[in-house]
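In what follows, a single structure is set out as structure tokens and then discussed.
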Number of protein chains: 2
Amino acid sequence: MKLSQGVEWGVHCCLVLGQATAPVPAARLAVYHGVSQTYLAKHLQALARAGLVRSTQGQVGGYELTREPGAITVLDVVSAIEGDAPAFRCTEIRQRGPLGTPPERCLRPCAIARAMAAAEHAWREALRAVTIADLTEDVQEDTDGAAMPRLRAWLAA
Amino acid sequence: MKLSQGVEWGVHCCLVLGQATAPVPAARLAVYHGVSQTYLAKHLQALARAGLVRSTQGQVGGYELTREPGAITVLDVVSAIEGDAPAFRCTEIRQRGPLGTPPERCLRPCAIARAMAAAEHAWREALRAVTIADLTEDVQEDTDGAAMPRLRAWLAA
DNA sequence: GCCACCTTACTCGGATAAGGACTGTCCGAGTCGCTAAGG
DNA sequence: CCTTAGCGACTCGGACAGTCCTTATCCGAGTAAGGTGGC
């Protein structure tokens, strides 16, 4: 089990966009993070499709958040990049083989699937509890309040 | 993010082995579940490497649990199949780019990595709370107590 | 001086290749039980 | 009748291809700003 690289990039981009006062082009976000410009663009498209960011074309275009940072959770970003499909997919093994349970007896999901779904629910809730604003504050504390002012100055330049 | 197919197979195999009183060959487990024999063998090797099951060769050989079902958690099986690597891998984006934070300033893990790690911890704890014995009981209830006796009879035949 | 048009440059968006991991398969090494011969 | 050596069959274990998804990239469509010419 592994998460896509794009998740990390997407969250970082949301942190940056939360500090911006004007649309930021994808290329500028890529330079700031030191990653591939074209590939980051692909992930930003996913964020746009999910409605987390809005894209503007033209000379002063770019990406900007559609909601305030406190209203965007990490789960929103992860779901936008990774999709909503559950990590564990029950293939109904219990219905197969010589002692397979008939489908009409399988009213509830498989016990294994239930346990897996409960664990994924806990994972999602933990991600839902953290917003972009929370992360921004954490980064501020980690850097003694230096990161965000520097970032805003770099965005303005 | 998706889990390997082998996780589902591995848990099901542990459920069966928990009911067995003698080693069960991999081929028999595959027939019972209606899955590929050779591919299931590959995943059983992973369970053996993790010390969850013991393999015996020879004519009456096969696999058997090393611990009682109540002492094996779903997390044990998932870790055996998927490995212990965390799903989210921080690539230290904060250290890159024109405003990268110097490594000597990065004492704590990245705030994003901390949030992701907390969520994964919640996921792991939820899986650790469920044992093979718990799942066996759940399946019993789902089938009105019919599944395990039938399984034991099939194993004896 | 003001307005409309055009050019230009910049932006995003989807369609297109390469690499790696999961999936699926095979055959060889090792081990145990059974059989048969000898004492 | 008991012991022991050999044989045979069954088991696991690691090494080998195929396929899907993630990664990475490119070029075309669209848009807004700025400049220029006309009124």
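Residue numbering restarts at 1 in every chain; chains get A, B, ... in the order shown in the structure tokens, and ligands count up from 1 in that same order.
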
Can you pull out the residues contacting Ala147 in chain B? Cut-off 12 Å, using only C-alpha atoms (C1' of nucleotides), and skip same-chain residues under 2 positions away; I want them as a tab-separated table (two decimals) with C-alpha atoms, in the first residue's frame.
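Written out: result.tsv:
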```tsv
chain	number	residue	atom	x	y	z
A	94	ARG	CA	-16.66	-16.29	0.72
A	95	GLN	CA	-18.94	-16.92	-2.27
A	99	LEU	CA	-18.14	-24.27	0.37
A	100	GLY	CA	-19.03	-20.87	-1.06
A	101	THR	CA	-21.83	-19.02	0.69
A	102	PRO	CA	-24.75	-18.38	-1.72
A	105	ARG	CA	-27.08	-15.42	2.27
B	15	LEU	CA	-9.34	-17.96	9.24
B	16	VAL	CA	-9.19	-21.44	7.71
B	19	GLN	CA	-9.96	-24.14	12.34
B	136	THR	CA	-14.08	-16.11	13.09
B	137	GLU	CA	-16.78	-15.22	15.57
B	138	ASP	CA	-18.20	-12.60	13.22
B	139	VAL	CA	-18.39	-15.08	10.37
B	140	GLN	CA	-20.10	-17.54	12.68
B	141	GLU	CA	-22.76	-14.99	13.50
B	142	ASP	CA	-23.21	-14.01	9.84
B	143	THR	CA	-23.84	-17.63	8.86
B	144	ASP	CA	-25.92	-18.61	11.90
B	145	GLY	CA	-23.12	-20.83	13.13
B	149	PRO	CA	-18.52	-26.68	11.37
B	150	ARG	CA	-18.80	-27.12	7.61
B	151	LEU	CA	-15.24	-25.89	7.22
B	152	ARG	CA	-13.92	-28.30	9.84
B	153	ALA	CA	-15.74	-31.17	8.17
B	154	TRP	CA	-14.28	-30.22	4.80
```

For this session: Just the residues within 9 Å of Ile93 in chain B, please, counting only C-alpha atoms (C1' of nucleotides), with nothing from its chain fewer than 2 positions along; format it as a PyMOL selection string.
Result: (chain A and resi 8-9+12+33-35) or (chain B and resi 90-91+95-97+100+110)

For this session: Have a look at A:Ala46, A:Leu155, A:Leu135, A:Ala27 and name the one nearest to chain B; count only C-alpha atoms.
Result: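 Looking only at the distances to chain B, the closest residue turns out to be A:Leu135.
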
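Here is the contact set of chain B against chain C, at 6 Å and counting only C-alpha atoms (C1' of nucleotides): Gln57, Gly58 and Gln59 of chain B.
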
Could you take the residues named above and write them with N, CA, C and O atoms, as a PDB file, in the first residue's frame?
```
ATOM      1  N   GLN B  57       7.095 -29.647   5.322  1.00  0.00           N
ATOM      2  CA  GLN B  57       7.196 -30.329   4.036  1.00  0.00           C
ATOM      3  C   GLN B  57       6.855 -31.803   4.197  1.00  0.00           C
ATOM      4  O   GLN B  57       6.599 -32.282   5.291  1.00  0.00           O
ATOM      5  N   GLY B  58       6.853 -32.481   3.074  1.00  0.00           N
ATOM      6  CA  GLY B  58       6.577 -33.913   3.107  1.00  0.00           C
ATOM      7  C   GLY B  58       5.128 -34.235   2.784  1.00  0.00           C
ATOM      8  O   GLY B  58       4.339 -33.358   2.440  1.00  0.00           O
ATOM      9  N   GLN B  59       4.810 -35.481   2.903  1.00  0.00           N
ATOM     10  CA  GLN B  59       3.497 -35.942   2.443  1.00  0.00           C
ATOM     11  C   GLN B  59       2.338 -35.358   3.235  1.00  0.00           C
ATOM     12  O   GLN B  59       1.291 -35.060   2.682  1.00  0.00           O
TER      13      GLN B  59
END
```

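Distances from B:Asp84, B:Val31, B:Gly62, B:Gly10 to chain A were compared using only C-alpha atoms, and the smallest one belongs to B:Val31.
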
Exercise. Which is closer to chain D than all the others in A:Thr21, A:Gly61, A:His43, A:Ala48, using only C-alpha atoms (C1' of nucleotides)?
Worked result: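 Of all the options, A:Gly61 lies closest to chain D.
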
Exercise. Would you list which chain A residues are within 10 Å of chain D using only C-alpha atoms (C1' of nucleotides), as an MDAnalysis selection string?
Worked result: chainID A and resid 4:6 36:40 56:61

Exercise. Out of range 19-97 of chain B, which residues get alpha helix (DSSP H) from DSSP, as a VMD selection string?
Worked result: chain B and resid 26 to 33 37 to 49 74 to 82
